[in-house]
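File shown: work_3.txt (compact mmCIF, C-alpha atoms).
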# COMPACT_ATOMS: atom_id res chain seq x y z
CA MET K 5 212.87 79.15 94.54
CA GLN K 6 213.66 76.95 91.56
CA LEU K 7 216.48 79.40 90.86
CA PHE K 8 218.54 77.42 93.35
CA ALA K 9 218.19 74.32 91.18
CA GLU K 10 220.53 75.98 88.68
CA ILE K 11 223.35 76.27 91.22
CA PRO K 12 225.83 73.35 91.56
CA GLY K 13 225.90 71.85 95.04
CA VAL K 14 222.34 72.90 95.89
CA ALA K 15 219.42 70.45 96.06
CA VAL K 16 215.83 71.66 95.90
CA ILE K 17 212.65 70.07 97.29
CA ASP K 18 209.26 71.55 96.42
CA GLU K 19 207.10 71.13 99.54
CA SER K 20 208.10 68.11 101.62
CA TYR K 21 204.95 68.51 103.73
CA ILE K 22 206.97 67.54 106.82
CA PRO K 23 205.61 70.54 108.78
CA LEU K 24 202.02 69.65 107.88
CA HIS K 25 202.45 66.17 109.35
CA LEU K 26 204.09 67.44 112.52
CA VAL K 27 201.86 70.41 113.37
CA PRO K 28 198.11 70.45 112.60
CA ILE K 29 197.23 73.73 110.90
CA SER K 30 194.11 74.03 113.06
CA ARG K 31 196.14 73.76 116.28
CA THR K 32 198.76 76.45 115.81
CA VAL K 33 199.50 78.57 118.87
CA PRO K 34 199.34 82.35 118.27
CA ASP K 35 201.85 83.22 120.98
CA GLY K 36 204.41 80.42 120.87
CA GLU K 37 205.90 77.29 119.36
CA TYR K 38 203.51 74.33 119.09
CA PHE K 39 205.53 71.63 120.87
CA GLU K 40 206.33 73.97 123.75
CA MET K 41 202.96 75.71 124.13
CA GLY K 42 200.37 73.61 122.30
CA GLN K 43 197.17 72.50 123.97
CA ARG K 44 198.57 69.04 124.75
CA ALA K 45 202.19 70.00 125.37
CA ARG K 46 201.99 68.78 128.98
CA ASP K 47 199.76 65.77 128.31
CA PRO K 48 201.76 62.51 128.73
CA ASN K 49 199.27 60.80 126.39
CA TYR K 50 200.44 63.04 123.55
CA PHE K 51 203.29 61.46 121.59
CA PHE K 52 205.14 64.78 121.23
CA ALA K 53 204.52 65.95 124.79
CA LYS K 54 207.09 68.43 126.05
CA ARG K 55 208.57 65.95 128.54
CA TYR K 56 209.50 63.56 125.71
CA LEU K 57 211.15 66.14 123.43
CA PRO K 58 214.75 65.82 124.72
CA ASP K 59 214.73 62.16 123.63
CA LEU K 60 212.50 62.60 120.59
CA GLU K 61 214.20 65.56 118.93
CA PRO K 62 217.48 63.85 117.91
CA GLU K 63 215.55 60.80 116.73
CA LEU K 64 213.17 62.94 114.73
CA ARG K 65 216.04 64.92 113.23
CA GLY K 66 217.70 61.69 112.12
CA LEU K 67 214.46 60.40 110.59
CA ILE K 68 213.94 63.62 108.63
CA VAL K 69 217.53 63.76 107.37
CA ARG K 70 217.40 60.12 106.20
CA GLY K 71 214.07 60.75 104.52
CA LEU K 72 215.36 63.85 102.73
CA LYS K 73 218.35 61.91 101.41
CA ARG K 74 216.01 59.25 100.04
CA GLN K 75 213.98 61.96 98.33
CA LEU K 76 217.06 63.54 96.79
CA ALA K 77 218.16 60.19 95.38
CA GLU K 78 214.67 59.62 93.95
CA LEU K 79 214.68 63.14 92.47
CA ASP K 80 218.10 62.50 90.91
CA GLN K 81 219.69 65.29 92.92
CA PRO K 82 222.97 65.28 94.88
CA THR K 83 222.54 63.31 98.11
CA ASP K 84 225.34 65.21 99.84
CA PRO K 85 224.74 68.81 98.72
CA SER K 86 226.15 71.97 100.27
CA TRP K 87 222.57 73.10 100.88
CA ILE K 88 219.09 71.61 100.68
CA VAL K 89 216.59 74.34 99.85
CA ILE K 90 213.02 73.39 100.76
CA LYS K 91 210.12 75.54 99.65
CA GLU K 92 207.35 75.07 102.21
CA PRO K 93 204.57 77.70 101.90
CA ASN K 94 201.79 75.37 103.02
CA GLY K 95 203.86 74.24 106.00
CA SER K 96 205.03 77.68 107.05
CA HIS K 97 202.62 77.66 110.00
CA ALA K 98 205.14 75.30 111.62
CA ALA K 99 208.27 77.29 110.75
CA ASP K 100 209.23 77.80 114.38
CA SER K 101 208.73 74.10 115.16
CA ILE K 102 210.94 73.00 112.25
CA LEU K 103 213.67 75.48 113.20
CA SER K 104 213.54 74.28 116.79
CA LEU K 105 214.43 70.81 115.46
CA PHE K 106 217.16 72.16 113.18
CA PRO K 107 218.59 75.20 114.97
CA GLU K 108 221.60 75.40 112.64
CA SER K 109 219.45 75.59 109.52
CA ARG K 110 218.68 78.87 107.79
CA LEU K 111 215.40 80.69 107.31
CA LEU K 112 214.66 82.48 104.05
CA PHE K 113 211.50 84.51 104.68
CA LEU K 114 209.93 85.45 101.34
CA VAL K 115 207.31 88.12 102.03
CA ARG K 116 204.47 88.54 99.54
CA ASP K 117 201.32 90.64 99.56
CA GLY K 118 198.63 88.35 100.95
CA ARG K 119 196.05 89.73 98.54
CA ASP K 120 198.12 88.48 95.61
CA VAL K 121 198.38 85.13 97.39
CA ILE K 122 194.58 84.91 97.59
CA ASP K 123 194.26 85.90 93.93
CA SER K 124 196.70 83.13 92.93
CA LEU K 125 194.86 80.56 95.04
CA ILE K 126 191.54 81.47 93.46
CA ASP K 127 193.03 81.02 89.99
CA ALA K 128 194.57 77.67 90.91
CA MET K 129 191.90 76.10 93.06
CA LEU K 130 188.56 77.50 91.90
CA ALA K 131 189.03 77.26 88.13
CA ARG K 132 187.81 73.91 86.82
CA ASP K 133 190.65 73.30 84.35
CA SER K 134 193.52 74.81 86.34
CA TRP K 135 196.84 73.04 86.88
CA TRP K 136 195.84 72.33 90.50
CA GLN K 137 192.52 70.77 89.54
CA LYS K 138 194.24 68.59 86.94
CA SER K 139 196.80 67.45 89.51
CA GLN K 140 194.19 65.88 91.80
CA VAL K 141 194.82 62.17 92.23
CA SER K 142 191.21 61.13 91.63
CA GLY K 143 191.36 62.40 88.07
CA GLU K 144 188.21 64.42 88.70
CA SER K 145 188.00 68.14 89.33
CA ARG K 146 187.87 68.97 93.00
CA MET K 147 185.52 71.89 93.33
CA VAL K 148 185.75 74.10 96.40
CA ASN K 149 182.31 75.21 97.53
CA GLY K 150 181.73 78.83 98.40
CA ARG K 151 184.09 81.43 96.95
CA LEU K 152 183.71 83.82 99.91
CA ALA K 153 184.21 81.03 102.44
CA PHE K 154 187.31 79.99 100.50
CA ILE K 155 188.65 83.54 100.59
CA ARG K 156 187.99 83.94 104.33
CA HIS K 157 189.63 80.62 105.11
CA HIS K 158 192.79 81.27 103.13
CA ALA K 159 193.08 84.87 104.31
CA ASP K 160 193.04 83.60 107.87
CA LEU K 161 195.60 80.92 107.00
CA TRP K 162 197.88 83.54 105.45
CA VAL K 163 197.80 85.60 108.65
CA LYS K 164 198.56 82.56 110.84
CA ARG K 165 201.35 81.32 108.57
CA THR K 166 202.92 84.75 108.31
CA ALA K 167 202.83 85.22 112.08
CA SER K 168 204.50 81.84 112.61
CA VAL K 169 207.30 82.67 110.19
CA GLN K 170 207.74 86.07 111.85
CA ARG K 171 208.04 84.33 115.22
CA ALA K 172 210.62 81.93 113.81
CA TYR K 173 212.48 84.82 112.19
CA VAL K 174 212.77 86.72 115.48
CA ALA K 175 214.02 83.59 117.25
CA THR K 176 216.67 82.86 114.59
CA PRO K 177 220.17 84.40 114.88
CA GLU K 178 220.69 87.24 112.41
CA SER K 179 223.35 85.38 110.44
CA LEU K 180 220.95 82.48 109.85
CA ARG K 181 217.98 84.47 108.58
CA LEU K 182 217.16 86.57 105.53
CA LYS K 183 213.97 88.43 104.65
CA VAL K 184 213.26 89.06 100.97
CA GLY K 185 210.33 90.97 99.48
CA TYR K 186 208.64 89.12 96.63
CA GLU K 187 207.94 92.33 94.74
CA ALA K 188 211.54 93.56 95.11
CA LEU K 189 212.82 90.16 93.97
CA LEU K 190 210.72 90.36 90.80
CA GLU K 191 211.93 93.89 90.13
CA ASP K 192 215.61 92.91 90.31
CA THR K 193 215.93 89.15 90.44
CA THR K 194 219.65 89.07 89.77
CA ALA K 195 220.47 91.35 92.70
CA GLY K 196 218.06 89.53 95.00
CA PHE K 197 219.35 86.08 94.10
CA THR K 198 222.95 87.24 94.46
CA GLU K 199 222.12 88.44 97.97
CA MET K 200 220.71 85.01 98.84
CA LEU K 201 223.78 83.20 97.52
CA ASP K 202 226.12 85.53 99.40
CA TRP K 203 224.11 84.91 102.57
CA LEU K 204 224.63 81.17 102.06
CA GLY K 205 228.36 81.73 101.65
CA MET K 206 228.34 80.59 98.02
CA SER K 207 230.75 82.30 95.64
CA ILE K 208 229.00 82.00 92.28
CA ASP K 209 230.24 83.71 89.14
CA ALA K 210 228.07 86.69 88.18
CA GLU K 211 227.54 85.32 84.69
CA ALA K 212 226.30 82.00 86.14
CA VAL K 213 223.83 83.90 88.31
CA ARG K 214 222.56 85.89 85.33
CA ALA K 215 222.20 82.68 83.30
CA ALA K 216 220.19 81.03 86.09
CA VAL K 217 217.90 84.04 86.36
CA GLU K 218 217.36 84.18 82.60
CA LYS K 219 216.60 80.46 82.39
CA ARG K 220 213.99 80.65 85.15
CA ALA K 221 212.49 84.00 84.14
CA PHE K 222 208.75 84.18 83.45
CA SER K 223 209.55 85.52 79.97
CA SER K 224 211.49 82.32 79.22
CA ILE K 225 208.49 80.06 79.84
CA PRO K 226 206.73 79.00 76.60
CA ALA K 227 203.43 80.80 76.06
CA GLU K 228 201.41 77.57 76.22
CA ARG K 229 202.74 76.87 79.72
CA LYS K 230 201.87 80.17 81.37
CA GLY K 231 198.83 82.34 81.98
CA PRO K 232 195.53 81.93 83.86
CA GLY K 233 195.02 78.41 85.16
CA LYS K 234 198.68 77.51 84.67
CA ARG K 235 201.25 76.94 87.41
CA ALA K 236 203.15 79.94 86.03
CA ARG K 237 200.27 82.38 85.88
CA SER K 238 201.76 85.85 86.07
CA ALA K 239 204.77 87.83 87.23
CA THR K 240 202.93 91.07 87.90
CA PRO K 241 202.20 91.98 91.55
CA GLY K 242 199.00 93.81 92.37
CA GLN K 243 196.61 92.01 90.02
CA TRP K 244 194.35 91.39 93.00
CA ARG K 245 193.10 94.96 92.54
CA THR K 246 191.29 94.03 89.33
CA ARG K 247 190.73 90.31 89.86
CA LEU K 248 189.15 90.43 93.30
CA ARG K 249 185.64 91.84 93.59
CA PRO K 250 185.10 94.93 95.79
CA GLY K 251 183.34 92.92 98.50
CA GLU K 252 186.11 90.33 98.43
CA ILE K 253 188.79 93.00 98.84
CA GLU K 254 186.89 94.30 101.86
CA ILE K 255 186.79 90.82 103.42
CA VAL K 256 190.46 90.13 102.71
CA GLU K 257 191.63 93.46 104.08
CA ARG K 258 189.46 93.11 107.17
CA ILE K 259 191.26 89.85 107.97
CA MET K 260 194.73 90.67 106.63
CA GLY K 261 194.82 94.43 107.11
CA PRO K 262 196.83 94.67 110.36
CA LYS K 263 199.38 92.10 109.19
CA LEU K 264 199.69 93.71 105.74
CA ARG K 265 200.40 97.10 107.31
CA GLU K 266 202.86 95.52 109.73
CA LEU K 267 204.76 94.13 106.74
CA GLY K 268 204.84 97.51 105.01
CA TYR K 269 201.89 97.25 102.62
CA GLU K 270 199.06 99.75 102.43
CA ALA K 271 195.68 98.26 103.22
CA GLY K 272 192.19 99.45 103.89
CA ALA K 273 191.18 100.99 100.60
CA GLY K 274 192.62 98.59 98.02
CA LEU K 275 195.07 101.28 96.96
CA THR K 276 198.33 99.47 96.35
CA SER K 277 200.11 96.16 96.54
CA SER K 278 203.62 97.56 96.83
CA PRO K 279 205.55 97.95 100.09
CA VAL K 280 205.77 101.51 101.35

As C-alpha cells, please, write out the structure in this file.
Amino acid sequence: MQLFAEIPGVAVIDESYIPLHLVPISRTVPDGEYFEMGQRARDPNYFFAKRYLPDLEPELRGLIVRGLKRQLAELDQPTDPSWIVIKEPNGSHAADSILSLFPESRLLFLVRDGRDVIDSLIDAMLARDSWWQKSQVSGESRMVNGRLAFIRHHADLWVKRTASVQRAYVATPESLRLKVGYEALLEDTTAGFTEMLDWLGMSIDAEAVRAAVEKRAFSSIPAERKGPGKRARSATPGQWRTRLRPGEIEIVERIMGPKLRELGYEAGAGLTSSPV
C-alpha cells in the first residue's frame, strides 16, 4: 500500500503492531469480537473486561491517536493528514476489535491467495540470507525449525486472520469498506488504485495516479533490490504451484481449502491461484 505514500495529504504507516498488543493471536474468537466474546470478557480481573469498555474505549482511542501522531512526526510525514493508511497484515486477526474502537474509520480488505502468502513467508523467513533474517535485531539469523510445522502454523494463521477481517467487513457500513483482489490489483493497478482513491473521496488527477503507479511498480525497482530473499520478491501470482512441494500443497489446501473456495479461489488439486 506504499502507493498511498505518493498522494499528497495521505500518511502511511507500515505495521503499527497496535492490534498485536491489544489482542493475543492465540486467543482470537472464531465467532465474535475479542473484547465482547473473549474468554475473559466477563472477568473483572481482566483489564479490558467488557464492563470497563465504555470508560476505556475513549481513553484508548485518544492514546492511539496521540501515538500515531508521534509516529508520523518521527517518520517525517504530515501530522494532520486527510487520511492515515495503516498496513496491518500481521494484526489483521484483530480487525474487528480495531474497528470497534474506531467505528468511523475505513476498512480496505486486500484479498490474496493464501498459498501465495505461504510461499512468500517461506522465502522471507526460512532462507538464511533473506531480508527478514537480516532485519532481526540480534544480528544473527533466526532459523525457524521445521518447514512443515511452519507451513501448518501460518496456514492456520491465514485462515484465522482472513475470518476476522471478513467479520469486520460484514460489520462495517458499505460506504466505509472496500474489498480488493490482490491479483486484480496487479493486473490493472491504475484502475484499482483509482477506485481506492475515489472511495476515500480524493479527487486526484489521472496523470498523478499513473505517475504514482509507475514509481511504485515492481518493474521500477532496481534489479539488485528484488528477487528471491528480497522484500520485493515477485509480482507474479501463482508461484506457489512450483515453489511448494506436492505434500506441502496438500497440507496447505487441507487447512485453507474451505476459506480459499469461499473467497473465490479453486482449491483441492493445486490447479490455479486465480479467482474464479

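One distance worth recording is that between atom CA of K:Val184 and atom CA of K:Leu201, which is 12.5 Å.
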
Selection as a short mmCIF file (atom, residue, chain, number, x, y, z; two decimals) with C-alpha atoms, in the coordinates of the input: residues within 12 Å of (209.5, 83.9, 113.9), counting all atoms listed in the file:
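Output contents, as saved in out.cif:
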data_model
loop_
_atom_site.label_atom_id
_atom_site.label_comp_id
_atom_site.auth_asym_id
_atom_site.auth_seq_id
_atom_site.Cartn_x
_atom_site.Cartn_y
_atom_site.Cartn_z
CA PRO K 34 199.34 82.35 118.27
CA ASP K 35 201.85 83.22 120.98
CA GLY K 36 204.41 80.42 120.87
CA GLU K 37 205.90 77.29 119.36
CA SER K 96 205.03 77.68 107.05
CA HIS K 97 202.62 77.66 110.00
CA ALA K 98 205.14 75.30 111.62
CA ALA K 99 208.27 77.29 110.75
CA ASP K 100 209.23 77.80 114.38
CA SER K 101 208.73 74.10 115.16
CA ILE K 102 210.94 73.00 112.25
CA LEU K 103 213.67 75.48 113.20
CA SER K 104 213.54 74.28 116.79
CA LEU K 111 215.40 80.69 107.31
CA LEU K 112 214.66 82.48 104.05
CA PHE K 113 211.50 84.51 104.68
CA LYS K 164 198.56 82.56 110.84
CA ARG K 165 201.35 81.32 108.57
CA THR K 166 202.92 84.75 108.31
CA ALA K 167 202.83 85.22 112.08
CA SER K 168 204.50 81.84 112.61
CA VAL K 169 207.30 82.67 110.19
CA GLN K 170 207.74 86.07 111.85
CA ARG K 171 208.04 84.33 115.22
CA ALA K 172 210.62 81.93 113.81
CA TYR K 173 212.48 84.82 112.19
CA VAL K 174 212.77 86.72 115.48
CA ALA K 175 214.02 83.59 117.25
CA THR K 176 216.67 82.86 114.59
CA PRO K 177 220.17 84.40 114.88
CA GLU K 178 220.69 87.24 112.41
CA ARG K 181 217.98 84.47 108.58
CA LEU K 182 217.16 86.57 105.53
CA LYS K 183 213.97 88.43 104.65
#

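Excluding K:Ala153 itself and any same-chain residue fewer than 4 positions from it, the protein and nucleic acid residues within 12 Å of it, counting all atoms listed in the file, are Ile126, Leu130, Val148, Asn149, His157, His158, Ala159, Asp160, Glu252, Ile255 and Val256 of chain K.
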
Please return stretch 150-172 of chain K, rebuilt to N, CA, C and O atoms, as a PDB file, in the frame of the given file.
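And here is the file that came out, out-v6.pdb:
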ATOM      1  N   GLY K 150     181.822  77.561  97.718  1.00  0.00           N
ATOM      2  CA  GLY K 150     181.730  78.830  98.400  1.00  0.00           C
ATOM      3  C   GLY K 150     182.963  79.696  98.221  1.00  0.00           C
ATOM      4  O   GLY K 150     183.931  79.558  98.957  1.00  0.00           O
ATOM      5  N   ARG K 151     182.936  80.578  97.240  1.00  0.00           N
ATOM      6  CA  ARG K 151     184.090  81.430  96.950  1.00  0.00           C
ATOM      7  C   ARG K 151     184.432  82.315  98.153  1.00  0.00           C
ATOM      8  O   ARG K 151     185.601  82.448  98.509  1.00  0.00           O
ATOM      9  N   LEU K 152     183.428  82.935  98.775  1.00  0.00           N
ATOM     10  CA  LEU K 152     183.710  83.820  99.910  1.00  0.00           C
ATOM     11  C   LEU K 152     184.243  83.047 101.104  1.00  0.00           C
ATOM     12  O   LEU K 152     185.149  83.522 101.795  1.00  0.00           O
ATOM     13  N   ALA K 153     183.701  81.861 101.345  1.00  0.00           N
ATOM     14  CA  ALA K 153     184.210  81.030 102.440  1.00  0.00           C
ATOM     15  C   ALA K 153     185.661  80.633 102.159  1.00  0.00           C
ATOM     16  O   ALA K 153     186.496  80.605 103.070  1.00  0.00           O
ATOM     17  N   PHE K 154     185.938  80.322 100.913  1.00  0.00           N
ATOM     18  CA  PHE K 154     187.310  79.990 100.500  1.00  0.00           C
ATOM     19  C   PHE K 154     188.245  81.168 100.779  1.00  0.00           C
ATOM     20  O   PHE K 154     189.340  80.998 101.331  1.00  0.00           O
ATOM     21  N   ILE K 155     187.830  82.346 100.412  1.00  0.00           N
ATOM     22  CA  ILE K 155     188.650  83.540 100.590  1.00  0.00           C
ATOM     23  C   ILE K 155     188.880  83.809 102.074  1.00  0.00           C
ATOM     24  O   ILE K 155     190.015  84.083 102.504  1.00  0.00           O
ATOM     25  N   ARG K 156     187.834  83.719 102.878  1.00  0.00           N
ATOM     26  CA  ARG K 156     187.990  83.940 104.330  1.00  0.00           C
ATOM     27  C   ARG K 156     188.957  82.939 104.936  1.00  0.00           C
ATOM     28  O   ARG K 156     189.830  83.289 105.730  1.00  0.00           O
ATOM     29  N   HIS K 157     188.791  81.676 104.556  1.00  0.00           N
ATOM     30  CA  HIS K 157     189.630  80.620 105.110  1.00  0.00           C
ATOM     31  C   HIS K 157     191.098  80.845 104.785  1.00  0.00           C
ATOM     32  O   HIS K 157     191.970  80.780 105.672  1.00  0.00           O
ATOM     33  N   HIS K 158     191.393  81.138 103.539  1.00  0.00           N
ATOM     34  CA  HIS K 158     192.790  81.270 103.130  1.00  0.00           C
ATOM     35  C   HIS K 158     193.393  82.603 103.578  1.00  0.00           C
ATOM     36  O   HIS K 158     194.610  82.677 103.786  1.00  0.00           O
ATOM     37  N   ALA K 159     192.572  83.613 103.742  1.00  0.00           N
ATOM     38  CA  ALA K 159     193.080  84.870 104.310  1.00  0.00           C
ATOM     39  C   ALA K 159     193.507  84.652 105.753  1.00  0.00           C
ATOM     40  O   ALA K 159     194.561  85.136 106.192  1.00  0.00           O
ATOM     41  N   ASP K 160     192.695  83.910 106.482  1.00  0.00           N
ATOM     42  CA  ASP K 160     193.040  83.600 107.870  1.00  0.00           C
ATOM     43  C   ASP K 160     194.291  82.733 107.954  1.00  0.00           C
ATOM     44  O   ASP K 160     195.167  82.959 108.799  1.00  0.00           O
ATOM     45  N   LEU K 161     194.405  81.757 107.042  1.00  0.00           N
ATOM     46  CA  LEU K 161     195.600  80.920 107.000  1.00  0.00           C
ATOM     47  C   LEU K 161     196.847  81.752 106.715  1.00  0.00           C
ATOM     48  O   LEU K 161     197.905  81.537 107.322  1.00  0.00           O
ATOM     49  N   TRP K 162     196.725  82.703 105.792  1.00  0.00           N
ATOM     50  CA  TRP K 162     197.880  83.540 105.450  1.00  0.00           C
ATOM     51  C   TRP K 162     198.355  84.319 106.675  1.00  0.00           C
ATOM     52  O   TRP K 162     199.560  84.421 106.918  1.00  0.00           O
ATOM     53  N   VAL K 163     197.423  84.845 107.448  1.00  0.00           N
ATOM     54  CA  VAL K 163     197.800  85.600 108.650  1.00  0.00           C
ATOM     55  C   VAL K 163     198.510  84.679 109.648  1.00  0.00           C
ATOM     56  O   VAL K 163     199.557  85.034 110.201  1.00  0.00           O
ATOM     57  N   LYS K 164     197.955  83.490 109.879  1.00  0.00           N
ATOM     58  CA  LYS K 164     198.560  82.560 110.840  1.00  0.00           C
ATOM     59  C   LYS K 164     199.939  82.105 110.369  1.00  0.00           C
ATOM     60  O   LYS K 164     200.881  82.036 111.158  1.00  0.00           O
ATOM     61  N   ARG K 165     200.056  81.782 109.098  1.00  0.00           N
ATOM     62  CA  ARG K 165     201.350  81.320 108.570  1.00  0.00           C
ATOM     63  C   ARG K 165     202.390  82.428 108.638  1.00  0.00           C
ATOM     64  O   ARG K 165     203.549  82.193 109.012  1.00  0.00           O
ATOM     65  N   THR K 166     201.984  83.636 108.275  1.00  0.00           N
ATOM     66  CA  THR K 166     202.920  84.750 108.310  1.00  0.00           C
ATOM     67  C   THR K 166     203.389  85.026 109.734  1.00  0.00           C
ATOM     68  O   THR K 166     204.587  85.251 109.978  1.00  0.00           O
ATOM     69  N   ALA K 167     202.466  84.983 110.680  1.00  0.00           N
ATOM     70  CA  ALA K 167     202.830  85.220 112.080  1.00  0.00           C
ATOM     71  C   ALA K 167     203.801  84.157 112.588  1.00  0.00           C
ATOM     72  O   ALA K 167     204.733  84.460 113.338  1.00  0.00           O
ATOM     73  N   SER K 168     203.603  82.911 112.176  1.00  0.00           N
ATOM     74  CA  SER K 168     204.500  81.840 112.610  1.00  0.00           C
ATOM     75  C   SER K 168     205.898  82.036 112.046  1.00  0.00           C
ATOM     76  O   SER K 168     206.893  81.842 112.750  1.00  0.00           O
ATOM     77  N   VAL K 169     205.990  82.431 110.774  1.00  0.00           N
ATOM     78  CA  VAL K 169     207.300  82.670 110.190  1.00  0.00           C
ATOM     79  C   VAL K 169     207.969  83.876 110.841  1.00  0.00           C
ATOM     80  O   VAL K 169     209.181  83.872 111.097  1.00  0.00           O
ATOM     81  N   GLN K 170     207.186  84.909 111.140  1.00  0.00           N
ATOM     82  CA  GLN K 170     207.740  86.070 111.850  1.00  0.00           C
ATOM     83  C   GLN K 170     208.306  85.659 113.201  1.00  0.00           C
ATOM     84  O   GLN K 170     209.382  86.116 113.597  1.00  0.00           O
ATOM     85  N   ARG K 171     207.584  84.803 113.910  1.00  0.00           N
ATOM     86  CA  ARG K 171     208.040  84.330 115.220  1.00  0.00           C
ATOM     87  C   ARG K 171     209.337  83.550 115.079  1.00  0.00           C
ATOM     88  O   ARG K 171     210.284  83.727 115.861  1.00  0.00           O
ATOM     89  N   ALA K 172     209.404  82.696 114.057  1.00  0.00           N
ATOM     90  CA  ALA K 172     210.620  81.930 113.810  1.00  0.00           C
ATOM     91  C   ALA K 172     211.766  82.849 113.420  1.00  0.00           C
ATOM     92  O   ALA K 172     212.912  82.653 113.838  1.00  0.00           O
TER      93      ALA K 172
END
